[in-house]
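Pasted below: query_6.cif, mmCIF, C-alpha atoms.
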```cif
data_coords
#
loop_
_atom_site.label_atom_id
_atom_site.label_comp_id
_atom_site.auth_asym_id
_atom_site.auth_seq_id
_atom_site.Cartn_x
_atom_site.Cartn_y
_atom_site.Cartn_z
CA MET A 1 150.78 173.35 131.15
CA LYS A 2 153.38 175.93 132.12
CA THR A 3 156.09 174.81 134.53
CA ILE A 4 157.27 177.42 137.01
CA LYS A 5 160.25 177.70 139.36
CA ASN A 6 159.57 180.73 141.52
CA TYR A 7 157.26 183.57 142.49
CA SER A 8 158.52 185.95 139.83
CA GLU A 9 156.86 183.71 137.23
CA LEU A 10 153.45 184.24 138.82
CA GLY A 11 153.43 187.88 137.70
CA GLU A 12 152.10 190.78 139.79
CA LEU A 13 150.36 189.40 142.87
CA SER A 14 146.83 190.53 143.67
CA VAL A 15 145.99 192.21 146.99
CA GLU A 16 144.20 189.02 148.07
CA ALA A 17 147.25 186.90 147.27
CA LYS A 18 149.50 189.27 149.24
CA LYS A 19 147.09 189.15 152.19
CA THR A 20 147.19 185.35 152.15
CA ILE A 21 150.98 185.32 152.16
CA TYR A 22 151.33 188.02 154.83
CA ASN A 23 148.86 186.27 157.14
CA LEU A 24 150.61 182.95 156.71
CA ILE A 25 154.01 184.44 157.53
CA HIS A 26 152.82 186.58 160.43
CA ASN A 27 150.90 184.09 162.53
CA LYS A 28 150.33 185.06 166.14
CA THR A 29 151.18 181.77 167.85
CA CYS A 30 153.90 183.20 170.10
CA LEU A 31 152.51 186.70 170.48
CA LEU A 32 151.87 186.31 174.22
CA ASP A 33 155.50 185.30 174.77
CA ILE A 34 156.55 188.63 173.25
CA LEU A 35 153.89 190.70 175.03
CA ASN A 36 154.94 189.25 178.39
CA LEU A 37 158.45 190.64 177.87
CA LEU A 38 157.44 194.14 176.76
CA PRO A 39 158.58 196.95 179.04
CA LYS A 40 156.31 199.93 179.79
CA GLY A 41 156.32 202.71 177.21
CA LYS A 42 156.11 202.80 173.45
CA SER A 43 157.11 199.81 171.43
CA VAL A 44 157.96 199.82 167.73
CA TRP A 45 157.19 196.61 165.84
CA ILE A 46 159.03 196.36 162.53
CA ASP A 47 157.49 194.05 159.91
CA SER A 48 155.82 192.28 162.82
CA PHE A 49 152.04 192.73 162.41
CA GLY A 50 151.92 194.96 165.48
CA ASP A 51 149.00 197.18 164.47
CA GLY A 52 145.95 197.18 166.72
CA ILE A 53 147.45 195.13 169.54
CA ASN A 54 147.52 198.04 171.97
CA PRO A 55 147.86 201.84 171.68
CA ASN A 56 151.50 201.82 172.81
CA ILE A 57 152.54 199.61 169.90
CA ILE A 58 153.50 201.44 166.73
CA ALA A 59 153.63 199.23 163.66
CA PHE A 60 156.12 199.79 160.86
CA GLU A 61 155.41 197.60 157.87
CA ASN A 62 157.40 197.08 154.71
CA ARG A 63 156.06 199.20 151.84
CA HIS A 64 155.76 195.98 149.81
CA TRP A 65 152.61 195.13 151.82
CA LYS A 66 151.11 198.63 151.85
CA ASN A 67 147.97 197.91 149.84
CA ILE A 68 146.84 195.00 152.02
CA PHE A 69 146.24 197.13 155.14
CA ASN A 70 143.27 199.43 155.78
CA SER A 71 144.64 200.93 158.98
CA SER A 72 145.73 204.57 158.95
CA THR A 73 147.98 204.15 162.00
CA ILE A 74 150.54 201.91 160.30
CA LYS A 75 153.79 203.53 159.17
CA TYR A 76 155.72 202.20 156.20
CA TYR A 77 159.38 201.82 155.37
CA GLY A 78 161.20 200.85 152.20
CA ASP A 79 164.58 199.84 153.55
CA PHE A 80 165.18 198.06 156.85
CA TYR A 81 168.67 199.62 156.97
CA SER A 82 167.56 203.18 156.19
CA SER A 83 169.09 205.81 158.46
CA ALA A 84 165.95 207.94 157.99
CA LEU A 85 163.85 205.10 159.43
CA ILE A 86 166.19 204.71 162.41
CA GLN A 87 166.32 208.45 163.07
CA SER A 88 162.58 208.92 162.87
CA ILE A 89 161.96 206.06 165.28
CA ASN A 90 164.58 207.18 167.78
CA LYS A 91 163.89 210.92 167.55
CA TYR A 92 160.12 211.12 167.22
CA ILE A 93 158.80 207.96 168.84
CA LYS A 94 161.49 207.38 171.48
CA PRO A 95 160.41 203.77 172.07
CA THR A 96 161.40 201.73 175.11
CA SER A 97 161.48 198.62 172.94
CA ILE A 98 161.84 197.42 169.36
CA VAL A 99 160.15 194.15 168.44
CA ILE A 100 160.96 191.84 165.57
CA TYR A 101 158.38 189.07 165.42
CA GLN A 102 157.81 186.72 162.46
CA SER A 103 159.61 189.24 160.29
CA MET A 104 160.75 188.46 156.76
CA GLU A 105 163.96 190.27 157.69
CA PHE A 106 164.81 187.25 159.86
CA ARG A 107 163.67 184.46 157.52
CA TYR A 108 165.80 182.57 155.04
CA ILE A 109 168.98 184.16 156.33
CA ASN A 110 172.11 182.29 157.28
CA GLU A 111 173.87 182.37 160.63
CA LYS A 112 176.24 185.15 159.56
CA GLU A 113 173.38 187.32 158.31
CA LEU A 114 171.45 186.65 161.52
CA LEU A 115 174.38 187.92 163.56
CA GLU A 116 174.88 190.97 161.33
CA LYS A 117 171.19 191.92 161.52
CA MET A 118 171.18 191.60 165.29
CA LYS A 119 174.32 193.70 165.61
CA PHE A 120 172.79 196.28 163.29
CA LEU A 121 169.67 196.53 165.46
CA ILE A 122 171.77 196.84 168.62
CA LYS A 123 173.83 199.63 167.06
CA SER A 124 170.80 201.46 165.66
CA TYR A 125 168.29 201.38 168.50
CA PRO A 126 169.36 202.23 172.07
CA THR A 127 166.37 200.42 173.59
CA LYS A 128 165.38 196.97 174.67
CA LEU A 129 165.24 194.63 171.66
CA LEU A 130 162.98 191.61 171.46
CA ILE A 131 163.86 189.46 168.48
CA TYR A 132 161.90 186.31 167.75
CA ILE A 133 163.80 183.59 165.92
CA ASN A 134 162.40 180.37 164.52
CA THR A 135 165.42 178.27 163.58
CA ILE A 136 163.30 176.38 161.04
CA HIS A 137 163.58 179.51 158.90
CA ILE A 138 167.30 180.04 159.45
CA ASP A 139 169.47 178.62 156.70
CA PHE A 140 172.20 176.40 158.18
CA ASN A 141 173.44 172.85 157.80
CA LYS A 142 170.77 170.99 159.73
CA LEU A 143 172.53 167.64 159.48
CA LYS A 144 175.64 169.09 161.07
CA TYR A 145 174.43 171.58 163.68
CA SER A 146 171.57 171.63 166.15
CA SER A 147 169.28 174.64 166.56
CA GLN A 148 170.60 175.05 170.09
CA HIS A 149 174.12 175.35 168.70
CA ILE A 150 173.07 178.18 166.35
CA ILE A 151 171.34 180.05 169.16
CA LYS A 152 174.26 179.59 171.58
CA ASN A 153 176.74 180.67 168.94
CA THR A 154 174.76 183.79 168.13
CA LYS A 155 174.53 184.67 171.82
CA LYS A 156 178.26 184.11 172.25
CA ASN A 157 179.06 186.45 169.35
CA ILE A 158 176.96 189.32 170.61
CA ASN A 159 178.83 191.29 173.16
CA GLN A 160 175.78 192.64 174.92
CA ASP A 161 173.61 192.04 177.98
CA MET A 162 171.09 189.55 176.66
CA LYS A 163 168.80 186.69 177.63
CA VAL A 164 167.56 183.92 175.41
CA HIS A 165 164.01 182.78 176.12
CA THR A 166 163.31 179.29 174.80
CA ILE A 167 159.75 178.70 173.61
CA ASN A 168 160.51 175.25 172.23
CA ASN A 169 163.38 173.48 170.42
CA PHE A 170 163.04 175.78 167.41
CA LYS A 171 161.54 179.03 168.67
CA TYR A 172 163.49 181.54 170.72
CA ILE A 173 163.26 185.18 171.79
CA PHE A 174 166.42 187.20 172.17
CA GLU A 175 165.94 189.86 174.81
CA ILE A 176 168.71 192.42 174.49
CA ASN A 177 169.01 195.28 176.94
CA MET B 178 183.07 156.54 163.10
CA LEU B 179 180.77 157.63 160.30
CA VAL B 180 177.73 159.60 161.32
CA LEU B 181 175.52 157.00 159.75
CA ASP B 182 177.20 154.26 161.76
CA THR B 183 176.49 156.25 164.89
CA PHE B 184 172.85 156.58 163.87
CA LYS B 185 172.64 152.86 163.13
CA LEU B 186 174.15 151.98 166.48
CA ILE B 187 171.54 154.06 168.25
CA GLU B 188 168.81 152.53 166.09
CA GLU B 189 169.95 149.04 167.04
CA MET B 190 169.93 149.99 170.70
CA MET B 191 166.41 151.35 170.32
CA GLY B 192 165.02 148.37 168.42
CA LYS B 193 163.75 147.84 164.91
CA PRO B 194 163.21 151.10 163.01
CA LYS B 195 159.68 152.06 162.00
CA PHE B 196 158.39 154.61 159.53
CA PRO B 197 158.23 157.94 161.30
CA LYS B 198 154.64 158.68 162.26
CA SER B 199 155.15 162.37 161.77
CA LEU B 200 155.75 162.32 158.04
CA ASN B 201 152.20 162.88 156.90
CA ALA B 202 151.48 166.54 156.35
CA HIS B 203 148.90 168.30 154.25
CA HIS B 204 150.51 170.92 152.11
CA THR B 205 148.30 170.32 149.08
CA SER B 206 146.10 173.28 149.91
CA TRP B 207 149.09 175.63 150.20
CA ARG B 208 150.34 174.30 146.85
CA GLU B 209 146.94 174.89 145.24
CA LYS B 210 146.58 178.28 146.93
CA GLN B 211 149.87 179.53 145.52
CA LYS B 212 149.07 178.16 142.08
CA SER B 213 145.80 180.09 142.18
CA PHE B 214 147.76 183.36 142.44
CA THR B 215 147.96 183.24 138.65
CA THR B 216 145.12 182.65 136.20
CA GLU B 217 147.33 180.38 134.08
CA LYS B 218 147.40 176.65 134.70
CA VAL B 219 150.82 175.96 136.17
CA GLU B 220 152.85 173.12 137.67
CA PHE B 221 155.83 173.61 139.98
CA ILE B 222 159.01 172.35 138.35
CA GLN B 223 159.74 170.04 141.28
CA ASP B 224 156.28 168.44 140.92
CA GLN B 225 156.75 168.06 137.18
CA ARG B 226 160.04 166.23 137.77
CA ILE B 227 158.21 163.77 140.02
CA LEU B 228 155.48 163.19 137.45
CA ASP B 229 158.07 162.65 134.72
CA PHE B 230 160.11 160.22 136.80
CA PHE B 231 157.58 157.50 137.53
CA SER B 232 156.39 154.87 135.10
CA LYS B 233 152.89 153.39 135.21
CA SER B 234 153.81 150.57 137.54
CA PRO B 235 152.68 150.84 141.20
CA VAL B 236 154.30 153.47 143.43
CA LEU B 237 154.63 153.30 147.20
CA THR B 238 153.97 156.77 148.62
CA ILE B 239 155.20 158.12 151.96
CA GLY B 240 154.80 161.51 153.61
CA ASP B 241 153.32 164.64 152.07
CA VAL B 242 152.10 162.96 148.88
CA GLU B 243 148.40 163.77 148.80
CA TYR B 244 148.75 165.90 145.66
CA PHE B 245 150.00 162.89 143.72
CA GLN B 246 147.28 160.45 144.77
CA ASP B 247 145.36 160.76 141.51
CA LYS B 248 148.39 161.46 139.33
CA LEU B 249 150.45 158.32 139.96
CA ASN B 250 149.56 154.65 140.10
CA ILE B 251 149.58 154.42 143.86
CA SER B 252 150.28 150.96 145.19
CA THR B 253 147.49 149.51 147.30
CA LYS B 254 149.26 146.18 147.80
CA GLU B 255 152.68 145.14 149.01
CA GLN B 256 153.87 144.97 145.39
CA TYR B 257 155.80 147.95 144.11
CA ASN B 258 159.18 148.73 142.64
CA GLN B 259 158.90 152.50 142.81
CA CYS B 260 158.60 154.88 145.74
CA LEU B 261 157.84 158.54 146.27
CA ALA B 262 158.76 159.93 149.70
CA ILE B 263 158.18 163.62 150.43
CA ILE B 264 159.53 164.89 153.72
CA ASN B 265 157.79 168.17 154.41
CA LYS B 266 157.41 168.13 158.16
CA LYS B 267 159.94 168.51 160.98
CA THR B 268 162.05 165.36 160.75
CA SER B 269 165.13 164.42 162.75
CA ASN B 270 168.25 162.89 161.24
CA PHE B 271 167.33 159.64 163.04
CA GLU B 272 163.86 159.58 161.48
CA LEU B 273 165.39 160.23 158.09
CA VAL B 274 167.74 157.26 158.47
CA ASP B 275 164.78 155.10 159.55
CA LEU B 276 162.88 156.01 156.47
CA LEU B 277 165.71 155.63 153.98
CA GLN B 278 166.73 152.24 155.36
CA HIS B 279 163.27 150.97 154.44
CA LEU B 280 163.53 152.29 150.90
CA LYS B 281 167.05 151.31 149.95
CA ASN B 282 166.10 148.14 148.07
CA ILE B 283 163.40 149.71 145.92
CA ASN B 284 164.31 150.07 142.22
CA ARG B 285 163.21 153.65 141.63
CA VAL B 286 162.96 156.13 144.46
CA CYS B 287 162.19 159.83 144.45
CA LEU B 288 163.05 161.47 147.74
CA SER B 289 161.98 165.10 148.20
CA ILE B 290 163.18 166.87 151.32
CA ASN B 291 162.26 170.27 152.70
CA LYS B 292 165.75 170.96 153.97
CA PHE B 293 164.57 173.67 156.38
CA LEU B 294 162.59 171.04 158.30
CA ILE B 295 165.41 168.60 159.03
CA TYR B 296 166.98 168.82 162.46
CA THR B 297 169.54 167.17 164.68
CA ARG B 298 169.90 167.47 168.44
CA SER B 299 173.69 167.09 168.37
CA ASN B 300 176.53 168.52 166.31
CA TYR B 301 178.45 166.26 163.93
CA ASN B 302 182.00 167.36 163.16
CA ASN B 303 182.47 164.86 160.36
CA VAL B 304 179.56 166.15 158.26
CA VAL B 305 180.72 168.52 155.49
CA GLU B 306 179.89 172.24 155.87
CA ASP B 307 177.91 172.57 152.64
CA TYR B 308 174.37 171.52 153.52
CA ASP B 309 173.33 170.48 150.02
CA GLN B 310 176.42 168.27 149.74
CA ALA B 311 175.80 166.90 153.25
CA LEU B 312 172.31 165.83 152.25
CA LEU B 313 173.66 164.14 149.13
CA ASP B 314 176.36 162.37 151.17
CA PHE B 315 173.71 161.25 153.62
CA VAL B 316 171.54 159.75 150.87
CA LYS B 317 174.55 158.16 149.14
CA THR B 318 175.61 156.41 152.34
CA ILE B 319 172.33 154.51 152.35
CA PHE B 320 171.73 154.11 148.61
CA LYS B 321 175.16 152.68 147.89
CA ASN B 322 176.23 152.14 144.27
CA ARG B 323 173.05 153.68 142.92
CA ASP B 324 172.60 156.36 140.30
CA ILE B 325 171.39 159.51 142.08
CA LYS B 326 170.24 162.68 140.35
CA HIS B 327 170.33 165.53 142.82
CA TYR B 328 168.29 168.72 142.36
CA PHE B 329 168.42 171.67 144.73
CA VAL B 330 168.24 175.45 144.79
CA LYS B 331 171.43 177.07 146.00
CA ASP B 332 170.83 179.70 148.70
CA LEU B 333 167.17 178.79 148.82
CA LYS B 334 164.93 181.64 149.98
CA GLY B 335 161.17 181.78 150.29
CA ASP B 336 160.30 182.22 146.64
CA HIS B 337 160.63 178.71 145.20
CA PHE B 338 157.46 177.14 146.72
CA ASN B 339 159.69 174.91 148.87
CA PHE B 340 157.19 174.68 151.74
CA ALA B 341 154.45 173.60 149.33
CA SER B 342 156.66 171.13 147.47
CA PRO B 343 160.30 170.61 148.53
CA THR B 344 162.91 171.72 146.02
CA THR B 345 165.64 169.37 147.27
CA GLN B 346 165.11 166.14 145.38
CA PHE B 347 166.97 162.89 144.86
CA PHE B 348 165.99 160.63 141.99
CA ILE B 349 167.51 157.25 142.71
CA THR B 350 167.67 154.39 140.22
#
```
Would you mind writing the structure in this file as structure tokens?
Amino acid sequence: MKTIKNYSELGELSVEAKKTIYNLIHNKTCLLDILNLLPKGKSVWIDSFGDGINPNIIAFENRHWKNIFNSSTIKYYGDFYSSALIQSINKYIKPTSIVIYQSMEFRYINEKELLEKMKFLIKSYPTKLLIYINTIHIDFNKLKYSSQHIIKNTKKNINQDMKVHTINNFKYIFEIN
Amino acid sequence: MLVLDTFKLIEEMMGKPKFPKSLNAHHTSWREKQKSFTTEKVEFIQDQRILDFFSKSPVLTIGDVEYFQDKLNISTKEQYNQCLAIINKKTSNFELVDLLQHLKNINRVCLSINKFLIYTRSNYNNVVEDYDQALLDFVKTIFKNRDIKHYFVKDLKGDHFNFASPTTQFFIT
């Protein structure tokens, strides 16, 4: 029997396999917590399974997942940091909020990367930001620091008007105005 | 004071430690699901290491071990000199100490830990910054003077099947 270490050894994934993975990552457990914080107006959800929730939500999904969706309303991006993506969202959609919920962009990143990504979003989108963080998926020394410490530290290092909504000991929503 | 001493002190104040009730999880289906993404018959390297480690004598199993039920000689009595413990559910540092204290006198122990699922409610200044090293230090403090083989993936991301079968492993003899 072949012994494998990682996904690359599985070869090209089928559409069904990708659907399974996407659905597992993007569960909707805390969706209501996000929806309750949404301001009026258009909302752009990046890599956050936003399609079909309501007409004011515009979903941008990573091109990696393109063949698993049937919807024609989803827009796709290749690079989270692309200036073309930022410009098109700000210029043509003019959203009142950007939502990051269960996104791969905020999984398996360390504390420094978390801070950099949040600062990048603040700099790029002059709107309300709602960023969901599950500290289970943040890479830090979990014998040394508590989840609360990581969240407090992140808040402290972002020089911006923001609230932290605590869902439970691991799940938080950063609301940045 | 060592972190472990602090933990022990709290344990003593709280009474005799018990096996954490929360350790049983069922990740076998996610393991099988991911393996079905390819038509080839495959085994995750971390699972193969477990299979290679144990001899035919009875094995005590704790935690997320369902996959191994028909692959190892699982102990049904109180007699065993080997143990497989797979921590693949949210587990506090206190619960981890509880568990390891119960296993420290067993001859051969394989401890697999999903390091994303460990948590503490306080900060500990005397724990080293490097998480992989901190986990090894933690295990060494309990399994004193034992031979420990430590496997882990540096900068672990989501592509090593860690949530199906933890990639951080300690083989203790």
Step by step, work through what the PyMOL selection byres ((chain A) within 12 of (chain B)) selects in the shown file, and finish by giving those residues as a PyMOL selection string.
chain A and resi 1-21+24-25+104-110+134-150+169-170
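Counting only C-alpha atoms, the residue from A:Gly50, A:Asp79, A:Lys156, A:Ile34 that sits nearest to Arg63 (chain A) is A:Asp79.
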For this structure, which residues satisfy the selection - the PyMOL selection byres ((chain A and resi 167) around 10) - when it is evaluated on the file as given? I want them as a PyMOL selection string.
chain A and resi 30+33+132-134+164-166+168-173
Since we have the selection now, will you write its residues out, keeping C-alpha atoms, as a PDB file, keeping the file's coordinate frame?
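Okay, part_2.pdb is ready:
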```pdb
ATOM      1  CA  CYS A  30     153.900 183.200 170.100  1.00  0.00           C
ATOM      2  CA  ASP A  33     155.500 185.300 174.770  1.00  0.00           C
ATOM      3  CA  TYR A 132     161.900 186.310 167.750  1.00  0.00           C
ATOM      4  CA  ILE A 133     163.800 183.590 165.920  1.00  0.00           C
ATOM      5  CA  ASN A 134     162.400 180.370 164.520  1.00  0.00           C
ATOM      6  CA  VAL A 164     167.560 183.920 175.410  1.00  0.00           C
ATOM      7  CA  HIS A 165     164.010 182.780 176.120  1.00  0.00           C
ATOM      8  CA  THR A 166     163.310 179.290 174.800  1.00  0.00           C
ATOM      9  CA  ASN A 168     160.510 175.250 172.230  1.00  0.00           C
ATOM     10  CA  ASN A 169     163.380 173.480 170.420  1.00  0.00           C
ATOM     11  CA  PHE A 170     163.040 175.780 167.410  1.00  0.00           C
ATOM     12  CA  LYS A 171     161.540 179.030 168.670  1.00  0.00           C
ATOM     13  CA  TYR A 172     163.490 181.540 170.720  1.00  0.00           C
ATOM     14  CA  ILE A 173     163.260 185.180 171.790  1.00  0.00           C
TER      15      ILE A 173
END
```
Considering only C-alpha atoms, return as a compact mmCIF listing (two decimals) with C-alpha atoms, keeping the file's coordinate frame whatever protein or nucleic-acid residues lie within 12 Å of Asp47 (chain A), sequence-local ones (same chain, fewer than 3 positions apart) excluded.
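out.txt, freshly written:
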```
# COMPACT_ATOMS: atom_id res chain seq x y z
CA TYR A 22 151.33 188.02 154.83
CA ASN A 23 148.86 186.27 157.14
CA ILE A 25 154.01 184.44 157.53
CA HIS A 26 152.82 186.58 160.43
CA VAL A 44 157.96 199.82 167.73
CA GLY A 50 151.92 194.96 165.48
CA ASP A 51 149.00 197.18 164.47
CA ILE A 58 153.50 201.44 166.73
CA ALA A 59 153.63 199.23 163.66
CA PHE A 60 156.12 199.79 160.86
CA GLU A 61 155.41 197.60 157.87
CA ASN A 62 157.40 197.08 154.71
CA ARG A 63 156.06 199.20 151.84
CA HIS A 64 155.76 195.98 149.81
CA TRP A 65 152.61 195.13 151.82
CA LYS A 66 151.11 198.63 151.85
CA ILE A 74 150.54 201.91 160.30
CA LYS A 75 153.79 203.53 159.17
CA TYR A 76 155.72 202.20 156.20
CA TYR A 77 159.38 201.82 155.37
CA GLY A 78 161.20 200.85 152.20
CA ASP A 79 164.58 199.84 153.55
CA PHE A 80 165.18 198.06 156.85
CA ILE A 98 161.84 197.42 169.36
CA VAL A 99 160.15 194.15 168.44
CA ILE A 100 160.96 191.84 165.57
CA TYR A 101 158.38 189.07 165.42
CA GLN A 102 157.81 186.72 162.46
CA SER A 103 159.61 189.24 160.29
CA MET A 104 160.75 188.46 156.76
CA GLU A 105 163.96 190.27 157.69
CA PHE A 106 164.81 187.25 159.86
CA ARG A 107 163.67 184.46 157.52
CA ILE A 131 163.86 189.46 168.48
CA TYR A 132 161.90 186.31 167.75
```
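We find CA of Asn282 (chain B) and CA of Asn322 (chain B) to be spaced 11.5 Å apart.
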Any chance you could resolve the PyMOL selection byres ((chain B and resi 340) around 8) against this file and give the residues as a ChimeraX atom specification?
/B:204,265,291,338-339,341-343
Around the point (171.6, 164.7, 141.3), in the coordinates given by the file, pick out the residues reaching within 8 Å, counting all atoms listed in the file, and return them as a PyMOL selection string.
chain B and resi 325-328+346-348
For CA of Leu277 (chain B) and CA of Ile319 (chain B), quote the distance in Å rounded to one decimal.
6.9 Å
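The closest residue to Tyr81 (chain A), picked from A:Lys155, A:Lys42, A:Met118, A:Leu130 and counting all atoms listed in the file, is A:Met118.
The two atoms in question, CA of Ile46 (chain A) and CA of Leu129 (chain A), are spaced 11.2 Å apart.
The closest residue to Asp324 (chain B), picked from B:Arg285, B:Leu273, B:Ile290, B:Leu237 and counting only C-alpha atoms, is B:Arg285.
Shortest atom-to-atom contact with Leu114 (chain A) among A:Ser48, A:Asn67, A:Asn90, A:Asn153: A:Asn153, counting only C-alpha atoms.
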